[in-house]
Structures are given as structure tokens and as C-alpha cells.
Amino acid sequence: MNDLEMARAAFIRDIFGSSDIEGSSHESLGCEDNSVPLVDEVSISNVIHEQDFNIVSHPIPTVGMSFGSVDELLETYQDHAKEKGFAVVIRSSAKDEDGQLKYVWLSCDRGRNTYFEKHSKRVNCPAKVRAIRGGDNRWLVSKVVVEHNHELIPDLSFLMRGHRELNARMKRQLQANERAGIRPSKSIRMLQIQEGGPKNLGCTSKDCRNFIDASRRLGLEKGDAEAIRKLFLTMQERDIGFFHTLQVDDDNRLANILWIHSRSRASFEEFHDVVSFDTTYLVNRYRMPFATVVGVNHHGHSILLGCALISHEDAKSFKWLFRNWLRGMRNVHPRCILTDQCESIKAAVREVMPDSIHRFCLWHIMCKVPAKFKNVPNYDATTKEFKDVVYDSLSIQMFERNWNDFIRRNSLENHEWSNDLYNERESWVPAF
């Protein structure tokens with residue numbers, strides 16, 4: 001008796017109370033009229049196959065199991081996690097003297113400690129899988145903890161970060177629709193319909209929009225870098241003091257661009273006390289941040305000291321920009337630079353212009369006040385008092401006293417944004 005026959009017999013026994021393998025015939029089912037079968041054998045077989053399909057599961061790796069690579073182990077554990085309703089992360093790993101991994105911990109993404117986070121989904125979940133690399137370079141599972149200390153939600157697995165992915169076909173379709181001028185909302189809806197609904201998409205709408213935005217930023221064709229270089233060379237022929245530089249990626253596509261007019265370079269030689277660096281502008285369909293460096297002349301008027309287009313707002317891009325901007329300004333460093341409260345910019349300024357005073361733009365901070373204090377009682381009075389404390393404190397001692405009174409009076413001791421501002425008060429308060 002093969003496996004299919006045994007499964008068919010078990011199925012018939014459960015439904016009709018017969019354990020005889022011949023129970024699939026009409027006679028054994030008690031049917032007097034053989035022309036009208038009670039159960040169609042093909043239907044039974046189909047049902048069995050469907051049941052077999054539905055009960056297929058992805059078991060968790062067990063102690064003693066062996067895998068050819070960490071990726072294979074991770075994929076197996078992720079398949080199990082997706083079925084059960086949690087996500088997997090690589091918690092820790094270590095390398096040997098040759099630089100090769102010797103062990104790895106895989107855990108539930110809610111398994112990290114929360115000592116430094118006030119609001120977090122992490123609950124120190126104990127579920128994990130540990131594996132070590134053996135002498136044959138295969139990975140042996142040495143420890144498994146199955147239990148979770150939180151609810152598992154299989155229906156929401158498709159929303160978890162570890163299980164979301166845009167496959168190559170979806171990426172090609174989104175890029176094709178973008179070139180055809182189809183709006184992102186319609187393009188994403190088309191994908192959802194093709195896959196049978198948002199749940200079957202394998203990712204969220206936000207993931208699709210992020211991919212479209214990234215494609216726009218890096219969507220410049222391979223010849224665009226050469227075209228812009230020729231344009232800048234033409235401008236340099238007309239203005240010998242015109243400075244420009246650009247950076248391309250591995251595919252010879254534009255990544256970052258910087259240009260400075262000769263008048264800006266001459267102005268900076270005289271007015272390099274304070275400059276403002278701003279990246280709040282977004283231009284063109286590629287969504288590349290447009291950065292400006294602005295100074296102030298002896299009339300109190302703003303003067304443009306350089307422009308740039310950057311593909312990413314990360315520390316690497318900002319370091320490239322500041323180094324080349326200083327090169328264009330004959331390596332004259334400003335005495336003070338004003339920027340937004342961006343960690344990437346802070347890191348770049350600290351490395352490239354260590355002797356320049358770095359301050360945060362007070363205007364940007366005040367623009368955030370309505371959003372940060374919207375849930376505070378007595379909103380109008382609180383925002384007004386906040387501005388009074390900042391602008392009317394004429395000394396450091398006066399600011400410290402006024403700030404403490406403001407925090408106590410409005411019960412803001414646990415207000416995260418206010419505490420962060422106070423910790424960096426020397427970088428934005430006028431009294432300092």
C-alpha cells in the first residue's frame with residue numbers, strides 16, 4: 001500500500017467510518033445504484049492533495065540539524081517565523097582568527113533588551129536559534145529556544161520587516177510604470193490586483209514608494225554625468241573662476257554635484273565669518289536634495305556661496321560635499337557654520353571642519369515647536385513661554401533659571417524633545 005492509498009483510506013475512514021481500502025468503491029459504501037456514486041474518487045484525491053498542501057508547515061530548526069551556510073539556516077528559520085507570526089534578526093555573531101564566522105545567534109526581533117528605549121516593541125523575547133561552524137564548514141544547530149513571551153500573529157507576518165521584499169519582477173514593473181508616467185498610487189494598485197490583494201504582495205505600499213523614490217534619485221542615465229560635465233566646462237570657458245566637481249557611481253551615473261561661481265568665491269574671501277548650510281529643498285523628478293551654502297555680506301544681505309545636488313543625505317555624501325566646497329574656497333574654513341539638527345551633518349562637520357563653530361539653525365528648531373508641543377496642555381501658553389525663554393534670556397544663568405521654571409511649570413520633565421534640546425543647548429540657544 002503506497003502513501004497515496006493510505007491517505008485515501010484514512011480520509012474515507014474519517015468521513016464514512018470504514019477502514020477498508022476498498023471503501024472507495026460504491027458497493028462498500030452501501031450504494032445500491034452503482035450509476036449514482038456517493039463520492040467521486042477523483043474528488044477525494046483532489047481533497048486529499050488540497051489537505052496535504054494546507055498542512056504543509058515550515059518546522060523550526062532543531063538541535064543537531066546541519067546547514068550548508070548561515071543563509072540557508074536563516075532562510076529556514078525565517079520560513080518558520082513567517083508561518084508562526086514573528087520576524088527574525090541576527091542577534092550576535094563572532095569570527096575566528098581567520099576572519100570567518102564561528103558561531104551565530106538568530107532570535108525573534110522582539111528579543112533585544114529595552115534599557116535605553118522608552119517606547120519599543122521589544123520585550124526581551126527568549127526565542128532563538130544558535131549554530132556553530134564545524135570542521136567540515138557546515139553549520140550545526142547547538143541550541144534552540146521555541147517559547148515566545150508575546151502573542152504571535154501569523155495574519156500580520158506580511159507586514160513585518162523581515163518578511164517584506166520586492167522581487168525583481170515587481171521592481172521592473174514599478175520602474176517601467178514610472179518611465180511611462182503612471183502615478184505611484186496607480187502603479188502600486190496594479191501590483192496589488194495582479195497578486196490577488198495587498199496581503200499577497202509580499203511588501204507594503206510604503207516599500208513600493210520608497211523603491212520608486214530611490215529609483216528617481218539614482219535614475220539619471222549613464223550619459224548624464226558626461227553631459228553635465230560638458231555644460232560645466234562650457235561655463236568655465238566663459239568664467240575662468242567657475243568651480244565645479246561631480247561624483248559618479250560604479251555605473252557611471254551621477255551621484256553628487258557641486259558648483260561655485262567665481263563671484264561667490266570672491267565674496268567668501270571677504271565674508272567667511274558665518275555660513276548657513278541648508279538641504280531643505282527638493283527639486284526635479286529625481287528627488288535629489290538641493291543643498292545651498294549661504295553667507296552674509298557687510299550690508300546684511302544674503303550671498304550664495306555654493307550649490308549642490310546630492311543623492312543621499314548621509315555622512316559620506318556630506319563629507320564629500322564639505323571637502324570639495326573647501327577646496328573650491330581655497331581651503332578657507334568658515335568661523336561658524338549653521339545647519340539643521342542632522343546627525344549625518346554633525347558627523348561630517350566634526351571631521352571636515354573641526355575648527356569651525358557648529359551651531360543649529362534656530363529657525364528650523366522653531367518650525368518644529370507646533371508639532372512637538374501639540375499634545376501639551378495649554379498649548380498656546382506653552383509655545384509662547386518657550387519662545388520667551390529662548391529669545392529673552394540674556395545670559396547663560398538667566399537661560400538656565402528660565403528653562404528650569406518653564407519645564408517645572410508645564411510638567412515637561414519627561415518630554416523627550418525638550419530634554420534633547422536642553423542637552424544640546426550650547427549649539428542653538430542665543431545666550432550661549
# chains A, B, ... in the order shown; residues from 1 in each chain; ligands from 1
>>> residues_around(residues="stretch 254-269 of chain A", least_positions_apart="2", cutoff="7 Å", atoms="only C-alpha atoms", output="PyMOL selection string")
chain A and resi 220+224-225+241-249+252+271-272+304-311+329
>>> select_by_dssp(residues="stretch 113-193 of chain A", states="strand (DSSP E)", output="PyMOL selection string")
chain A and resi 128-133+139-145
>>> write_last_selection(atoms="N, CA and C atoms", output="PDB file, in the first residue's frame")
ATOM      1  N   LYS A 128      15.096  31.808  20.226  1.00  0.00           N
ATOM      2  CA  LYS A 128      16.353  31.980  19.489  1.00  0.00           C
ATOM      3  C   LYS A 128      16.835  30.636  18.969  1.00  0.00           C
ATOM      4  N   VAL A 129      17.772  30.724  18.025  1.00  0.00           N
ATOM      5  CA  VAL A 129      18.455  29.550  17.484  1.00  0.00           C
ATOM      6  C   VAL A 129      19.946  29.864  17.436  1.00  0.00           C
ATOM      7  N   ARG A 130      20.771  28.950  17.993  1.00  0.00           N
ATOM      8  CA  ARG A 130      22.219  29.142  17.990  1.00  0.00           C
ATOM      9  C   ARG A 130      22.857  28.050  17.142  1.00  0.00           C
ATOM     10  N   ALA A 131      23.835  28.448  16.324  1.00  0.00           N
ATOM     11  CA  ALA A 131      24.524  27.483  15.465  1.00  0.00           C
ATOM     12  C   ALA A 131      26.014  27.768  15.483  1.00  0.00           C
ATOM     13  N   ILE A 132      26.811  26.709  15.361  1.00  0.00           N
ATOM     14  CA  ILE A 132      28.270  26.833  15.328  1.00  0.00           C
ATOM     15  C   ILE A 132      28.791  26.171  14.050  1.00  0.00           C
ATOM     16  N   ARG A 133      29.924  26.674  13.579  1.00  0.00           N
ATOM     17  CA  ARG A 133      30.524  26.127  12.367  1.00  0.00           C
ATOM     18  C   ARG A 133      31.456  24.979  12.733  1.00  0.00           C
ATOM     19  N   TRP A 139      27.151  24.205   9.269  1.00  0.00           N
ATOM     20  CA  TRP A 139      26.654  24.862  10.474  1.00  0.00           C
ATOM     21  C   TRP A 139      25.732  23.914  11.222  1.00  0.00           C
ATOM     22  N   LEU A 140      26.075  23.663  12.485  1.00  0.00           N
ATOM     23  CA  LEU A 140      25.343  22.716  13.320  1.00  0.00           C
ATOM     24  C   LEU A 140      24.548  23.486  14.373  1.00  0.00           C
ATOM     25  N   VAL A 141      23.240  23.226  14.424  1.00  0.00           N
ATOM     26  CA  VAL A 141      22.384  23.873  15.417  1.00  0.00           C
ATOM     27  C   VAL A 141      22.700  23.286  16.783  1.00  0.00           C
ATOM     28  N   SER A 142      23.107  24.155  17.725  1.00  0.00           N
ATOM     29  CA  SER A 142      23.521  23.685  19.049  1.00  0.00           C
ATOM     30  C   SER A 142      22.511  24.005  20.145  1.00  0.00           C
ATOM     31  N   LYS A 143      21.646  24.995  19.907  1.00  0.00           N
ATOM     32  CA  LYS A 143      20.656  25.350  20.930  1.00  0.00           C
ATOM     33  C   LYS A 143      19.449  25.976  20.267  1.00  0.00           C
ATOM     34  N   VAL A 144      18.264  25.638  20.753  1.00  0.00           N
ATOM     35  CA  VAL A 144      17.014  26.187  20.220  1.00  0.00           C
ATOM     36  C   VAL A 144      16.092  26.505  21.387  1.00  0.00           C
ATOM     37  N   VAL A 145      15.552  27.705  21.395  1.00  0.00           N
ATOM     38  CA  VAL A 145      14.515  28.100  22.352  1.00  0.00           C
ATOM     39  C   VAL A 145      13.267  28.435  21.560  1.00  0.00           C
TER      40      VAL A 145
END
>>> atom_distance(atom1="atom CA of A:Met235", atom2="atom CA of A:Asn324")
18.5 Å
>>> closest_residue(among="A:Asp213, A:Glu72, A:Glu165, A:Glu226", to="A:Leu201", atoms="only C-alpha atoms")
A:Glu165
>>> residues_around(residues="A:Val294", least_positions_apart="4", cutoff="7 Å", atoms="only C-alpha atoms", output="number ranges by chain")
A: 275-277, 302-305
>>> write_last_selection(atoms="N, CA and C atoms", output="compact mmCIF listing (two decimals), in the first residue's frame")
# COMPACT_ATOMS: atom_id res chain seq x y z
N VAL A 275 28.47 80.96 7.78
CA VAL A 275 27.77 80.43 6.61
C VAL A 275 26.65 79.53 7.10
N SER A 276 25.64 79.41 6.27
CA SER A 276 24.50 78.54 6.57
C SER A 276 24.41 77.46 5.50
N PHE A 277 24.29 76.22 5.94
CA PHE A 277 24.17 75.09 5.03
C PHE A 277 22.76 74.51 5.16
N SER A 302 22.06 88.39 2.08
CA SER A 302 22.50 87.01 1.86
C SER A 302 23.28 86.91 0.56
N ILE A 303 24.34 86.11 0.58
CA ILE A 303 25.14 85.88 -0.63
C ILE A 303 25.27 84.37 -0.81
N LEU A 304 25.09 83.91 -2.04
CA LEU A 304 25.16 82.49 -2.36
C LEU A 304 26.62 82.09 -2.51
N LEU A 305 27.03 81.07 -1.76
CA LEU A 305 28.43 80.65 -1.74
C LEU A 305 28.64 79.25 -2.30
>>> atom_distance(atom1="atom CA of A:Arg330", atom2="atom CA of A:Phe232")
19.2 Å
>>> closest_residue(among="A:Ile212, A:Leu231, A:Val389, A:Met288", to="A:Ser187", atoms="only C-alpha atoms")
A:Ile212
>>> residues_around(residues="A:Arg323", least_positions_apart="3", cutoff="10 Å", atoms="only C-alpha atoms", output="PyMOL selection string")
chain A and resi 318-320+326-329+331+348-349+351-353
>>> write_last_selection(atoms="all heavy atoms", output="CSV table (one decimal), in the first residue's frame")
chain,number,residue,atom,x,y,z
A,318,PHE,N,27.8,64.1,2.7
A,318,PHE,CA,28.1,65.4,3.3
A,318,PHE,C,29.6,65.6,3.4
A,318,PHE,O,30.1,66.8,3.2
A,318,PHE,CB,27.4,65.6,4.6
A,318,PHE,CG,25.9,65.7,4.5
A,318,PHE,CD1,25.1,64.9,5.3
A,318,PHE,CD2,25.4,66.6,3.7
A,318,PHE,CE1,23.7,65.0,5.2
A,318,PHE,CE2,24.0,66.7,3.6
A,318,PHE,CZ,23.2,65.9,4.3
A,319,LYS,N,30.4,64.6,3.8
A,319,LYS,CA,31.8,64.8,3.9
A,319,LYS,C,32.4,65.1,2.5
A,319,LYS,O,33.3,65.9,2.4
A,319,LYS,CB,32.5,63.5,4.4
A,319,LYS,CG,32.2,63.2,5.9
A,319,LYS,CD,32.8,61.9,6.3
A,319,LYS,CE,32.4,61.6,7.8
A,319,LYS,NZ,32.9,60.2,8.2
A,320,TRP,N,31.9,64.4,1.5
A,320,TRP,CA,32.4,64.7,0.1
A,320,TRP,C,32.1,66.1,-0.3
A,320,TRP,O,32.9,66.8,-0.8
A,320,TRP,CB,31.7,63.7,-0.9
A,320,TRP,CG,32.1,64.0,-2.3
A,320,TRP,CD1,33.1,63.5,-3.0
A,320,TRP,CD2,31.4,64.9,-3.2
A,320,TRP,NE1,33.1,64.0,-4.3
A,320,TRP,CE2,32.0,64.8,-4.5
A,320,TRP,CE3,30.3,65.7,-3.1
A,320,TRP,CZ2,31.6,65.6,-5.5
A,320,TRP,CZ3,29.9,66.5,-4.2
A,320,TRP,CH2,30.5,66.4,-5.4
A,326,LEU,N,35.3,73.3,0.4
A,326,LEU,CA,36.5,73.9,1.0
A,326,LEU,C,37.6,74.0,-0.1
A,326,LEU,O,38.3,75.0,-0.2
A,326,LEU,CB,37.0,73.2,2.2
A,326,LEU,CG,36.2,73.3,3.5
A,326,LEU,CD1,36.7,72.4,4.6
A,326,LEU,CD2,36.1,74.7,4.0
A,327,ARG,N,37.7,73.0,-0.9
A,327,ARG,CA,38.7,73.0,-2.0
A,327,ARG,C,38.4,74.1,-2.9
A,327,ARG,O,39.3,74.9,-3.4
A,327,ARG,CB,38.8,71.7,-2.7
A,327,ARG,CG,39.8,71.6,-3.8
A,327,ARG,CD,40.1,70.1,-4.1
A,327,ARG,NE,38.9,69.5,-4.7
A,327,ARG,CZ,38.6,69.5,-6.0
A,327,ARG,NH1,39.5,70.1,-6.9
A,327,ARG,NH2,37.5,68.9,-6.5
A,328,GLY,N,37.1,74.3,-3.3
A,328,GLY,CA,36.7,75.4,-4.1
A,328,GLY,C,36.9,76.8,-3.5
A,328,GLY,O,37.1,77.8,-4.2
A,329,MET,N,36.9,76.8,-2.2
A,329,MET,CA,37.1,78.1,-1.5
A,329,MET,C,38.5,78.3,-1.0
A,329,MET,O,38.8,79.0,0.0
A,329,MET,CB,36.1,78.2,-0.3
A,329,MET,CG,34.7,78.2,-0.6
A,329,MET,SD,34.3,79.7,-1.7
A,329,MET,CE,32.5,79.6,-1.8
A,331,ASN,N,40.5,76.4,0.5
A,331,ASN,CA,40.7,75.8,1.9
A,331,ASN,C,40.6,76.8,3.0
A,331,ASN,O,41.2,76.7,4.1
A,331,ASN,CB,42.0,75.1,2.0
A,331,ASN,CG,42.1,74.0,3.0
A,331,ASN,OD1,41.1,73.3,3.3
A,331,ASN,ND2,43.2,73.8,3.7
A,348,ALA,N,29.8,65.0,9.7
A,348,ALA,CA,30.7,65.5,8.6
A,348,ALA,C,31.4,66.8,9.0
A,348,ALA,O,32.6,66.9,8.7
A,348,ALA,CB,29.8,65.7,7.4
A,349,VAL,N,30.7,67.7,9.7
A,349,VAL,CA,31.3,68.9,10.1
A,349,VAL,C,32.4,68.7,11.1
A,349,VAL,O,33.5,69.3,11.1
A,349,VAL,CB,30.2,69.9,10.7
A,349,VAL,CG1,30.9,71.1,11.3
A,349,VAL,CG2,29.2,70.3,9.6
A,351,GLU,N,34.3,66.2,11.4
A,351,GLU,CA,35.5,65.6,10.8
A,351,GLU,C,36.2,66.5,9.8
A,351,GLU,O,37.4,66.6,9.8
A,351,GLU,CB,35.1,64.3,10.1
A,351,GLU,CG,36.3,63.6,9.4
A,351,GLU,CD,36.0,62.3,8.8
A,351,GLU,OE1,35.1,61.6,9.4
A,351,GLU,OE2,36.6,61.9,7.8
A,352,VAL,N,35.4,67.2,9.0
A,352,VAL,CA,36.0,68.0,7.9
A,352,VAL,C,36.3,69.4,8.3
A,352,VAL,O,37.3,70.0,7.9
A,352,VAL,CB,35.0,68.1,6.7
A,352,VAL,CG1,35.6,68.9,5.5
A,352,VAL,CG2,34.7,66.7,6.2
A,353,MET,N,35.5,70.0,9.2
A,353,MET,CA,35.7,71.4,9.7
A,353,MET,C,35.8,71.4,11.2
A,353,MET,O,34.9,72.0,11.9
A,353,MET,CB,34.7,72.3,9.2
A,353,MET,CG,34.7,72.5,7.7
A,353,MET,SD,33.4,73.7,7.1
A,353,MET,CE,32.0,72.6,7.0
>>> decode(residues="stretch 169-189 of chain A", atoms="N, CA, C and O atoms", output="CSV table (one decimal), in the first residue's frame")
chain,number,residue,atom,x,y,z
A,169,ARG,N,10.7,41.0,-10.5
A,169,ARG,CA,9.6,41.4,-11.4
A,169,ARG,C,8.8,42.6,-11.0
A,169,ARG,O,8.5,43.5,-11.8
A,170,MET,N,8.5,42.7,-9.7
A,170,MET,CA,7.8,43.9,-9.2
A,170,MET,C,8.7,45.2,-9.4
A,170,MET,O,8.1,46.2,-9.8
A,171,LYS,N,10.0,45.1,-9.2
A,171,LYS,CA,10.8,46.2,-9.4
A,171,LYS,C,10.8,46.7,-10.8
A,171,LYS,O,10.8,47.9,-11.1
A,172,ARG,N,10.9,45.7,-11.7
A,172,ARG,CA,10.9,46.1,-13.2
A,172,ARG,C,9.6,46.7,-13.6
A,172,ARG,O,9.6,47.7,-14.3
A,173,GLN,N,8.5,46.2,-13.0
A,173,GLN,CA,7.2,46.8,-13.4
A,173,GLN,C,7.0,48.2,-12.8
A,173,GLN,O,6.5,49.1,-13.5
A,174,LEU,N,7.5,48.4,-11.6
A,174,LEU,CA,7.4,49.8,-11.0
A,174,LEU,C,8.3,50.8,-11.8
A,174,LEU,O,7.9,51.9,-12.0
A,175,GLN,N,9.5,50.3,-12.2
A,175,GLN,CA,10.3,51.2,-12.9
A,175,GLN,C,9.8,51.5,-14.3
A,175,GLN,O,9.8,52.7,-14.8
A,176,ALA,N,9.2,50.5,-14.9
A,176,ALA,CA,8.5,50.7,-16.2
A,176,ALA,C,7.4,51.7,-16.1
A,176,ALA,O,7.2,52.6,-17.0
A,177,ASN,N,6.5,51.5,-15.1
A,177,ASN,CA,5.4,52.4,-14.9
A,177,ASN,C,5.8,53.8,-14.6
A,177,ASN,O,5.2,54.8,-15.1
A,178,GLU,N,6.9,53.9,-13.9
A,178,GLU,CA,7.5,55.3,-13.6
A,178,GLU,C,7.9,56.0,-14.9
A,178,GLU,O,7.6,57.2,-15.1
A,179,ARG,N,8.6,55.2,-15.7
A,179,ARG,CA,9.1,55.8,-17.0
A,179,ARG,C,7.9,56.2,-17.9
A,179,ARG,O,8.0,57.1,-18.7
A,180,ALA,N,6.8,55.4,-17.8
A,180,ALA,CA,5.6,55.7,-18.6
A,180,ALA,C,4.8,56.8,-18.0
A,180,ALA,O,3.8,57.2,-18.7
A,181,GLY,N,5.1,57.3,-16.9
A,181,GLY,CA,4.4,58.5,-16.3
A,181,GLY,C,3.2,58.1,-15.5
A,181,GLY,O,2.3,58.9,-15.2
A,182,ILE,N,3.1,56.8,-15.1
A,182,ILE,CA,2.0,56.4,-14.3
A,182,ILE,C,2.3,56.7,-12.8
A,182,ILE,O,3.3,56.5,-12.3
A,183,ARG,N,1.3,57.3,-12.2
A,183,ARG,CA,1.4,57.7,-10.8
A,183,ARG,C,1.7,56.5,-9.9
A,183,ARG,O,1.2,55.4,-10.1
A,184,PRO,N,2.5,56.8,-8.8
A,184,PRO,CA,2.9,55.6,-7.9
A,184,PRO,C,1.6,54.9,-7.3
A,184,PRO,O,1.6,53.7,-7.2
A,185,SER,N,0.6,55.7,-6.9
A,185,SER,CA,-0.6,55.1,-6.3
A,185,SER,C,-1.2,54.1,-7.3
A,185,SER,O,-1.6,53.0,-6.9
A,186,LYS,N,-1.4,54.5,-8.6
A,186,LYS,CA,-2.0,53.6,-9.5
A,186,LYS,C,-1.0,52.4,-9.8
A,186,LYS,O,-1.5,51.3,-10.0
A,187,SER,N,0.3,52.6,-9.9
A,187,SER,CA,1.2,51.6,-10.2
A,187,SER,C,1.2,50.5,-9.0
A,187,SER,O,1.2,49.3,-9.3
A,188,ILE,N,1.1,51.0,-7.8
A,188,ILE,CA,1.1,50.0,-6.7
A,188,ILE,C,-0.3,49.3,-6.7
A,188,ILE,O,-0.3,48.1,-6.4
A,189,ARG,N,-1.4,50.0,-7.0
A,189,ARG,CA,-2.7,49.3,-7.0
A,189,ARG,C,-2.7,48.2,-8.1
A,189,ARG,O,-3.3,47.1,-7.9
